[in-house]
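Engineer: Sharing a structure below in structure tokens format, with a few things to ask.
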Amino acid sequence: KNFKEAAQYFKNGQAIAPENPELGDLLKKTQTEKIRTTLPSQYAAIASAAQVTRGEVAAMLLVELNLEERLPAPSRRVIISDITTHWAKRYIIKAVQYDVIGLPPDRYFRPDEPILKGELAQILDMTLQKRGIPLSLATSAVFSDVHQDNQYADSILRVVSAGIMDAANGAAFGIANPVSGAEMKEIISRVKKLMQ
């Protein structure tokens with residue numbers, strides 16, 4: 001399985017026949033298959049997790065949204081104190097370098113901490129902005145647990161109005177609720193549709 005050679009073959013084909021959509025599809029499939037064969041074994045368990053962690057979200061963003069192919073190469077280096085032996089280290093570093101997941105001033109990423117809905121909304125909003133797909137701010141949505149001065153408020157309203165994330169119930173968003181692997185998988189599939 002020489003993925004690099006196959007990818008180059010399909011890229012050359014696209015240069016010769018740019019109107020052929022099949023070549024683009026084959027290139028994407030080759031890139032996706034290459035990524036899948038190099039994934040750590042822990043990645044497969046994310047979809048069934050009761051609570052997705054910050055490290056798992058970083059991995060999903062890089063793998064499922066193919067950010068390394070879709071964003072310009074990051075220009076900054078980062079020092080992260082608590083991921084030296086973490087299975088998602090490579091993805092976490094890239095997510096921080098691309099500035100889609102923030103790093104607190106203490107430089108501790110906290111990769112095994114569950115991601116909460118408010119933070120995930122901000123991460124997804126930032127990811128789409130970096131891709132040049134800004135979301136509009138909804139004016140009609142109001143949630144009892146999201147105050148206007150909350151750091152995640154604007155991002156929450158944008159991802160809800162774009163149909164990426166859902167409210168926990170009619171009145172509350174569930175800003176401090178954890179996100180399950182199944183929910184994360186569904187959210188990522190919605191983001192993928194926006195990025196096409």
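Ligands are numbered from 1 in the order shown, chains are lettered A, B, ... in the order of the structure tokens, and residues start at 1 in each chain.
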Using only C-alpha atoms, determine which residues lie at most 7 Å from range 152-166 of chain A, disregarding the query and same-chain residues fewer than 5 positions distant; provide the list as a VMD selection string.

Structural biologist: chain A and resid 118 to 119 121 to 122 125 135 to 138 141 146 to 147 187 190 to 191

Engineer: Quick one: residues within 8 Å of Tyr108 in chain A, only C-alpha atoms, excluding same-chain residues fewer than 4 positions away - as a VMD selection string?

Structural biologist: chain A and resid 80 to 82 103 to 104

Engineer: Neighbouring residues of His86 in chain A were defined as those with any atom within 10 Å, considering only C-alpha atoms; residues of the same chain fewer than 6 positions away were excluded. Please report them as a list of chain:residue names.

Structural biologist: A:Gly55, A:Ile92, A:Pro111, A:Asp112

Engineer: Please dump the current selection as a PDB file, in the first residue's frame; keep C-alpha atoms.

Structural biologist:
ATOM      1  CA  GLY A  55      -7.450  14.849  23.667  1.00  0.00           C
ATOM      2  CA  ILE A  92      -3.146  17.773  20.360  1.00  0.00           C
ATOM      3  CA  PRO A 111      -6.068  15.761  27.539  1.00  0.00           C
ATOM      4  CA  ASP A 112      -8.084  13.329  29.659  1.00  0.00           C
TER       5      ASP A 112
END

Engineer: I'd like to know which of A:Ser189, A:Phe143, A:Met60, A:Leu71 is closest to Ile46 in chain A, using only C-alpha atoms.

Structural biologist: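 Checking each candidate against Ile46 in chain A, we get A:Met60 as the closest.
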
Engineer: Under the rule that only C-alpha atoms are counted, which of A:Ala172, A:Leu116, A:Ile133, A:Ala59 is the nearest residue to Lys94 in chain A?

Structural biologist: A:Ala59

Engineer: Counting only C-alpha atoms, figure out which residue out of A:Gln196, A:Ser144, A:Asn150, A:Thr84 gets nearest to Ala171 in chain A.

Structural biologist: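 Under the stated criterion, the closest residue is A:Ser144.
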
Engineer: Could you please determine the separation between CA of Val63 in chain A and CA of Lys185 in chain A in Å, to one decimal place?

Structural biologist: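 Atom-to-atom, CA of Val63 in chain A to CA of Lys185 in chain A, that is 12.0 Å.
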
Engineer: One number please: CA of Gly181 in chain A to CA of Trp87 in chain A, in Å, one decimal.

Structural biologist: 17.2 Å

Engineer: Would you please extract all alpha helix (DSSP H) residues from range 37-144 of chain A, as assigned by DSSP on the backbone, and give them as a PyMOL selection string?

Structural biologist: chain A and resi 37+54-64+67-70+89-97+117-130

Engineer: I'd like to know which of A:Glu186, A:Arg110, A:Pro74, A:Lys192 is closest to Ala47 in chain A, using only C-alpha atoms.

Structural biologist: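 Using only C-alpha atoms, the shortest distance to Ala47 in chain A belongs to A:Glu186.
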
Engineer: Would you compute the distance between CA of Ala50 in chain A and CA of Leu124 in chain A? Give it in Å to one decimal.

Structural biologist: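 Computed distance, CA of Ala50 in chain A to CA of Leu124 in chain A, equals 20.0 Å.
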
Engineer: Which is closest to Ile175 in chain A among A:Met126, A:Val57, A:Leu65, A:Ile115, if we use only C-alpha atoms?

Structural biologist: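 With only C-alpha atoms as the atom set, the closest residue is A:Ile115.
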
Engineer: Nearest to Asp99 in chain A among A:Arg70, A:Arg54, A:Lys130, A:Lys117, with distances taken over only C-alpha atoms: which residue is it?

Structural biologist: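 For Asp99 in chain A, the nearest of the given residues is A:Lys130.
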